[in-house]
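Chemist: Quick one: structure below, then a few questions.
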Amino acid sequence: MNSISLEKYFVFMIISLCLLVLVAYAFDLSSKRTKIPTVIILLLMGYCLRYAALFLEIEIPNLEPLLPAIGTLGLILIVLEAGLDLELNKNKKAMISKSFLSALIPLLFLFLIIGFGINYFTGASIINSFINAIPFCIISSAIAIPSVQNLSEDKKEFVVYESSMSDILGVIIFNFFLSNDTIGLGSFITFIAQVVVMLLISLIASIGLAFVIKKIDHHVKFIPIMVMIILIYEVSKIYHLPALIFILIFGLFLNNLDELTHFSFIKKLEPKRLNIEVHRFSKLIGEVAFLIRTIFFLLFGYTITTETVLNTSTLPFAVGIVAVIISIRFIQLKVSKTPITPLLFIAPRGLITIMLFLSIPLSKKVGFISNSLLTQVIILSAIVMMLGLMFAKEDRVVG
């Protein structure tokens, strides 16, 4: 690539990225009225960018290796954003219990149904079948949360709790099966020990970071905090600890300081004063999460080809997986006496699905679980959510 073409490449990429982010923001603003999930628009724009580059004869290198890094950052920010938005008090006890069960029970049933289905159709080992099934079992908070802003407060809150818990529970189960070639009593003892260690680390780190936020007077404050959060997350992953627990606990800790004032060390944090800083931090996390989420789905859309979307050999299985997801969700909502519409349709697969799929080692991958199947399930689940939101009776947003 000579200097002229290199300059042309960078100009094209910068202009394209700026325009695409601005267009994505415009669609995000209008999504309350159109009810079109922003993820569909982002995937479509990334897909069009690929063919625009080909038409203009601009050679763009393989960007797919960037997906895991951007996806990890996006996952951290999205779970942290959710934690900073969730309130823990007696009034929320019923909501937390219901959303936790709504995240856990369907996840386990889908895990078993899809896992045994993969084993039956491919002949892969049970462990590998389960590992490849988990990405399809998790609700994507990256898509679900931004899509429900026009719902009533109680339904929106339910989706925030449910999808955030689904992300965390799914990642924990995924890591458990990925790190154990055989499942036995020792595996569960190790797993419980890892969770306990992670809880202790999370509590200590959360208190420490809260003191840092309170003490720092420098005009640059929150970026170093974000870097420390990412550092703790990555170091925890090296030791096979469920690192997302830390992200959620840190967010919940900061957002619920007023509920912890009966502890003397919490009073030293001066909760009323710290709440102002937490609010600023939460706003920054929300905006950075939007940018990273946008770039991730644009990038994933760029990797999609026409053959991937229209692969007829995987399409019936993609439709089957989405049908099973909706069926299990219907049963869960009915049993728990939760409003069916439009919550039934808000079970998209997205960033977390892609992240876990890319994290599966080649030795444990099942060939049938391909990019085509993954992409089709993500698109179909997003379309189902879009149609469900469009045709559901309009909710009045409280507040």
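Letters for chains follow the order of the structure tokens (A, B, ...), residue numbers begin at 1 for each chain, and ligand numbers begin at 1 in the order shown.
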Find the residues near A:Gly46: any atom within 8 Å, counting only C-alpha atoms, skip ones fewer than 5 places away on the same chain, and give them as a tab-separated table (two decimals) with all heavy atoms, in the first residue's frame.
Modeler:
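Wrote result.tsv, looks like this:
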chain	number	residue	atom	x	y	z
A	297	PHE	N	-20.93	-3.22	16.65
A	297	PHE	CA	-21.91	-3.75	15.72
A	297	PHE	C	-21.65	-3.30	14.28
A	297	PHE	O	-21.97	-4.03	13.33
A	297	PHE	CB	-23.33	-3.38	16.16
A	297	PHE	CG	-23.82	-4.20	17.33
A	297	PHE	CD1	-24.09	-3.60	18.55
A	297	PHE	CD2	-23.98	-5.56	17.20
A	297	PHE	CE1	-24.53	-4.37	19.62
A	297	PHE	CE2	-24.41	-6.35	18.27
A	297	PHE	CZ	-24.68	-5.73	19.48
A	298	LEU	N	-21.09	-2.11	14.10
A	298	LEU	CA	-20.67	-1.69	12.77
A	298	LEU	C	-19.59	-2.63	12.23
A	298	LEU	O	-19.63	-3.06	11.07
A	298	LEU	CB	-20.14	-0.25	12.80
A	298	LEU	CG	-21.17	0.88	12.89
A	298	LEU	CD1	-20.46	2.21	13.11
A	298	LEU	CD2	-22.02	0.95	11.62
A	299	LEU	N	-18.65	-2.94	13.11
A	299	LEU	CA	-17.54	-3.83	12.73
A	299	LEU	C	-18.05	-5.23	12.43
A	299	LEU	O	-17.63	-5.86	11.46
A	299	LEU	CB	-16.50	-3.85	13.85
A	299	LEU	CG	-15.15	-4.51	13.56
A	299	LEU	CD1	-14.48	-3.86	12.37
A	299	LEU	CD2	-14.25	-4.40	14.78
A	300	PHE	N	-18.97	-5.72	13.27
A	300	PHE	CA	-19.53	-7.04	13.03
A	300	PHE	C	-20.34	-7.05	11.73
A	300	PHE	O	-20.27	-8.01	10.94
A	300	PHE	CB	-20.42	-7.47	14.20
A	300	PHE	CG	-20.97	-8.86	14.04
A	300	PHE	CD1	-20.14	-9.97	14.12
A	300	PHE	CD2	-22.33	-9.07	13.81
A	300	PHE	CE1	-20.63	-11.26	13.98
A	300	PHE	CE2	-22.84	-10.35	13.66
A	300	PHE	CZ	-21.99	-11.45	13.74
A	301	GLY	N	-21.08	-5.97	11.48
A	301	GLY	CA	-21.83	-5.85	10.23
A	301	GLY	C	-20.91	-5.84	9.02
A	301	GLY	O	-21.23	-6.40	7.97
A	302	TYR	N	-19.73	-5.23	9.20
A	302	TYR	CA	-18.75	-5.18	8.11
A	302	TYR	C	-18.24	-6.59	7.76
A	302	TYR	O	-17.91	-6.86	6.61
A	302	TYR	CB	-17.58	-4.29	8.52
A	302	TYR	CG	-16.46	-4.24	7.50
A	302	TYR	CD1	-16.55	-3.40	6.41
A	302	TYR	CD2	-15.34	-5.05	7.63
A	302	TYR	CE1	-15.54	-3.36	5.46
A	302	TYR	CE2	-14.32	-5.03	6.69
A	302	TYR	CZ	-14.43	-4.18	5.61
A	302	TYR	OH	-13.44	-4.15	4.66
A	303	THR	N	-18.19	-7.48	8.75
A	303	THR	CA	-17.69	-8.84	8.49
A	303	THR	C	-18.75	-9.74	7.87
A	303	THR	O	-18.44	-10.85	7.42
A	303	THR	CB	-17.19	-9.49	9.80
A	303	THR	OG1	-18.32	-9.70	10.68
A	303	THR	CG2	-16.15	-8.62	10.49
Chemist: Find the residues around stretch 230-245 of chain A up to 7 Å (only C-alpha atoms counted), leave out those fewer than 6 positions away in its own chain, and share them as a count of residues only.
Modeler: 5
Chemist: Could you please determine the separation between atom CA of A:Ile139 and atom CA of A:Ala347 in Å, to one decimal place?
Modeler: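 We find that atom CA of A:Ile139 and atom CA of A:Ala347 lie 5.3 Å from each other.
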Chemist: Counting only C-alpha atoms, what are the residues of stretch 248-330 of chain A within 12 Å of stretch 63-78 of chain A, and for each of them which pair of atoms is the nearest and at what distance in Å, to one decimal? Sort the table by chain and rising number, as JSON lines.
Modeler:
{"residue": "A:Leu248", "atom": "CA", "partner": "A:Ile76", "partner_atom": "CA", "distance": 8.9}
{"residue": "A:Phe250", "atom": "CA", "partner": "A:Ile76", "partner_atom": "CA", "distance": 11.3}
{"residue": "A:Gly251", "atom": "CA", "partner": "A:Leu77", "partner_atom": "CA", "distance": 10.1}
{"residue": "A:Phe281", "atom": "CA", "partner": "A:Leu77", "partner_atom": "CA", "distance": 11.6}
{"residue": "A:Ser282", "atom": "CA", "partner": "A:Leu77", "partner_atom": "CA", "distance": 10.1}
{"residue": "A:Lys283", "atom": "CA", "partner": "A:Leu77", "partner_atom": "CA", "distance": 11.6}
{"residue": "A:Leu284", "atom": "CA", "partner": "A:Leu77", "partner_atom": "CA", "distance": 10.2}
{"residue": "A:Ile285", "atom": "CA", "partner": "A:Leu77", "partner_atom": "CA", "distance": 6.4}
{"residue": "A:Gly286", "atom": "CA", "partner": "A:Leu77", "partner_atom": "CA", "distance": 7.8}
{"residue": "A:Glu287", "atom": "CA", "partner": "A:Leu77", "partner_atom": "CA", "distance": 9.7}
{"residue": "A:Val288", "atom": "CA", "partner": "A:Leu77", "partner_atom": "CA", "distance": 7.7}
{"residue": "A:Ala289", "atom": "CA", "partner": "A:Leu77", "partner_atom": "CA", "distance": 5.4}
{"residue": "A:Phe290", "atom": "CA", "partner": "A:Gly74", "partner_atom": "CA", "distance": 8.6}
{"residue": "A:Leu291", "atom": "CA", "partner": "A:Gly74", "partner_atom": "CA", "distance": 8.9}
{"residue": "A:Ile292", "atom": "CA", "partner": "A:Gly74", "partner_atom": "CA", "distance": 5.6}
{"residue": "A:Arg293", "atom": "CA", "partner": "A:Gly74", "partner_atom": "CA", "distance": 5.8}
{"residue": "A:Thr294", "atom": "CA", "partner": "A:Gly74", "partner_atom": "CA", "distance": 9.4}
{"residue": "A:Ile295", "atom": "CA", "partner": "A:Ile70", "partner_atom": "CA", "distance": 8.0}
{"residue": "A:Phe296", "atom": "CA", "partner": "A:Ile70", "partner_atom": "CA", "distance": 6.2}
{"residue": "A:Phe297", "atom": "CA", "partner": "A:Leu67", "partner_atom": "CA", "distance": 9.1}
{"residue": "A:Leu298", "atom": "CA", "partner": "A:Leu67", "partner_atom": "CA", "distance": 10.3}
{"residue": "A:Leu299", "atom": "CA", "partner": "A:Leu67", "partner_atom": "CA", "distance": 7.2}
{"residue": "A:Phe300", "atom": "CA", "partner": "A:Leu67", "partner_atom": "CA", "distance": 7.2}
{"residue": "A:Gly301", "atom": "CA", "partner": "A:Glu64", "partner_atom": "CA", "distance": 10.3}
{"residue": "A:Tyr302", "atom": "CA", "partner": "A:Leu63", "partner_atom": "CA", "distance": 8.4}
{"residue": "A:Thr303", "atom": "CA", "partner": "A:Glu64", "partner_atom": "CA", "distance": 6.6}
{"residue": "A:Ile304", "atom": "CA", "partner": "A:Glu64", "partner_atom": "CA", "distance": 10.1}
Chemist: List the neighbours of A:Leu274 out to 12 Å using only C-alpha atoms; skip same-chain residues closer than 5 positions along the sequence, and give me the result as number ranges by chain.
Modeler: A: 209-216, 253-258, 266-269, 279-281
Chemist: So which one's closest to A:Ile331, A:Phe357, A:Phe109, A:Phe130, A:Phe10? Using only C-alpha atoms, please.
Modeler: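 Looking at the shortest contact to A:Ile331, the residue is A:Phe109.
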Chemist: Would you work out the distance separating atom CA of A:Met386 from atom CA of A:Pro316, expressed in Å to one decimal?
Modeler: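 A separation of 20.5 Å between them.
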Chemist: Mind the document's chain letters and residue numbers, and return as a ChimeraX atom specification the residues of stretch 79-308 of chain A that DSSP labels helix (DSSP H, G or I).
Modeler: /A:79-83,90-122,126-137,141-147,153-178,185-215,222-238,244-255,257-260,264-267,271-303,306-308
Chemist: Can you pull out every residue within 9 Å of A:Lys365, counting only C-alpha atoms, but drop anything in the same chain fewer than 2 positions away, and send it as a list of chain:residue names?
Modeler: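 Residues meeting the cut-off are A:Asn128, A:Ser129, A:Ile131, A:Asn132, A:Phe357, A:Ile360, A:Pro361, A:Leu362, A:Ser363, A:Gly367, A:Phe368, A:Ile369.
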Chemist: Counting only C-alpha atoms, figure out which residue out of A:Ala142, A:Ile113, A:Ile173, A:Leu86 gets nearest to A:Gly350.
Modeler: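 Among the listed residues, A:Ala142 lies closest to A:Gly350.
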Chemist: Do a neighbour search on stretch 308-310 of chain A at 7 Å with only C-alpha atoms, toss out local chain neighbours closer than 2 positions, and write the hits as JSON, numbers by chain.
Modeler: {"A": [304, 305, 306, 312, 371, 372, 375, 376]}
Chemist: Could those residues be written to a file, using N, CA, C and O atoms, as a PDB file, in the first residue's frame?
Modeler:
ATOM      1  N   ILE A 304     -20.012  -9.278   7.840  1.00  0.00           N
ATOM      2  CA  ILE A 304     -21.104 -10.103   7.310  1.00  0.00           C
ATOM      3  C   ILE A 304     -21.114 -10.058   5.777  1.00  0.00           C
ATOM      4  O   ILE A 304     -20.945  -9.002   5.174  1.00  0.00           O
ATOM      5  N   THR A 305     -21.319 -11.206   5.173  1.00  0.00           N
ATOM      6  CA  THR A 305     -21.457 -11.282   3.716  1.00  0.00           C
ATOM      7  C   THR A 305     -22.883 -11.737   3.382  1.00  0.00           C
ATOM      8  O   THR A 305     -23.602 -12.263   4.231  1.00  0.00           O
ATOM      9  N   THR A 306     -23.258 -11.536   2.124  1.00  0.00           N
ATOM     10  CA  THR A 306     -24.589 -11.963   1.666  1.00  0.00           C
ATOM     11  C   THR A 306     -24.767 -13.465   1.846  1.00  0.00           C
ATOM     12  O   THR A 306     -25.835 -13.943   2.252  1.00  0.00           O
ATOM     13  N   THR A 312     -28.939 -21.120   3.333  1.00  0.00           N
ATOM     14  CA  THR A 312     -30.163 -21.913   3.514  1.00  0.00           C
ATOM     15  C   THR A 312     -29.930 -23.198   4.320  1.00  0.00           C
ATOM     16  O   THR A 312     -30.880 -23.773   4.833  1.00  0.00           O
ATOM     17  N   ASN A 371     -20.579 -18.994  11.608  1.00  0.00           N
ATOM     18  CA  ASN A 371     -20.895 -17.565  11.562  1.00  0.00           C
ATOM     19  C   ASN A 371     -22.282 -17.331  10.998  1.00  0.00           C
ATOM     20  O   ASN A 371     -22.999 -16.413  11.420  1.00  0.00           O
ATOM     21  N   SER A 372     -22.676 -18.151  10.023  1.00  0.00           N
ATOM     22  CA  SER A 372     -24.000 -17.998   9.397  1.00  0.00           C
ATOM     23  C   SER A 372     -25.109 -18.217  10.416  1.00  0.00           C
ATOM     24  O   SER A 372     -26.037 -17.403  10.526  1.00  0.00           O
ATOM     25  N   THR A 375     -25.121 -15.329  12.985  1.00  0.00           N
ATOM     26  CA  THR A 375     -25.646 -14.081  12.424  1.00  0.00           C
ATOM     27  C   THR A 375     -27.148 -14.158  12.210  1.00  0.00           C
ATOM     28  O   THR A 375     -27.885 -13.202  12.511  1.00  0.00           O
ATOM     29  N   GLN A 376     -27.622 -15.285  11.707  1.00  0.00           N
ATOM     30  CA  GLN A 376     -29.053 -15.442  11.454  1.00  0.00           C
ATOM     31  C   GLN A 376     -29.871 -15.389  12.736  1.00  0.00           C
ATOM     32  O   GLN A 376     -30.938 -14.770  12.785  1.00  0.00           O
TER      33      GLN A 376
END
Chemist: Compile the contact shell of A:Lys93 as a ChimeraX atom specification: residues with an atom at most 12 Å away, counting only C-alpha atoms, same-chain residues fewer than 6 positions apart removed.
Modeler: /A:86-87,99-100,158,161
Chemist: The selected residues should be written to file as a PDB file, in the first residue's frame (atoms: N, CA, C and O atoms).
Modeler:
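Output file out-v1.pdb is given in full below:
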ATOM      1  N   LEU A  86     -29.160   0.255  38.531  1.00  0.00           N
ATOM      2  CA  LEU A  86     -30.026  -0.613  39.331  1.00  0.00           C
ATOM      3  C   LEU A  86     -30.039  -0.191  40.793  1.00  0.00           C
ATOM      4  O   LEU A  86     -29.002   0.091  41.374  1.00  0.00           O
ATOM      5  N   GLU A  87     -31.226  -0.166  41.365  1.00  0.00           N
ATOM      6  CA  GLU A  87     -31.386   0.178  42.770  1.00  0.00           C
ATOM      7  C   GLU A  87     -31.688  -1.077  43.581  1.00  0.00           C
ATOM      8  O   GLU A  87     -32.493  -1.911  43.171  1.00  0.00           O
ATOM      9  N   SER A  99     -36.906 -11.064  38.171  1.00  0.00           N
ATOM     10  CA  SER A  99     -36.019 -10.914  37.012  1.00  0.00           C
ATOM     11  C   SER A  99     -34.859 -11.909  37.067  1.00  0.00           C
ATOM     12  O   SER A  99     -34.404 -12.404  36.029  1.00  0.00           O
ATOM     13  N   PHE A 100     -34.383 -12.229  38.280  1.00  0.00           N
ATOM     14  CA  PHE A 100     -33.313 -13.220  38.421  1.00  0.00           C
ATOM     15  C   PHE A 100     -33.789 -14.586  37.941  1.00  0.00           C
ATOM     16  O   PHE A 100     -33.093 -15.273  37.173  1.00  0.00           O
ATOM     17  N   PHE A 158     -37.536  -4.194  34.603  1.00  0.00           N
ATOM     18  CA  PHE A 158     -37.481  -5.654  34.528  1.00  0.00           C
ATOM     19  C   PHE A 158     -36.475  -6.106  33.475  1.00  0.00           C
ATOM     20  O   PHE A 158     -35.661  -7.005  33.704  1.00  0.00           O
ATOM     21  N   TYR A 161     -32.783  -5.441  34.667  1.00  0.00           N
ATOM     22  CA  TYR A 161     -32.345  -6.444  35.640  1.00  0.00           C
ATOM     23  C   TYR A 161     -32.151  -7.802  34.967  1.00  0.00           C
ATOM     24  O   TYR A 161     -31.125  -8.465  35.140  1.00  0.00           O
TER      25      TYR A 161
END
Chemist: Tell me which protein, DNA and RNA residues are within 12 Å of stretch 163-165 of chain A, counting only C-alpha atoms, leaving out same-chain ones fewer than 3 positions away, and put them as a PyMOL selection string.
Modeler: chain A and resi 75-86+96-107+137-148+156-160+168-172+244-245+247-249+251-252+343+346-350+352
Chemist: Atom CA of A:Phe174 and atom CA of A:Leu108 are how many Å apart?
Modeler: 11.6 Å
Chemist: Of the candidates A:Leu333, A:Ile354, A:Phe111, A:Glu259, which one gets nearest to A:Lys90 if we count only C-alpha atoms?
Modeler: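 Once distances to A:Lys90 are computed over only C-alpha atoms, the minimum belongs to A:Glu259.
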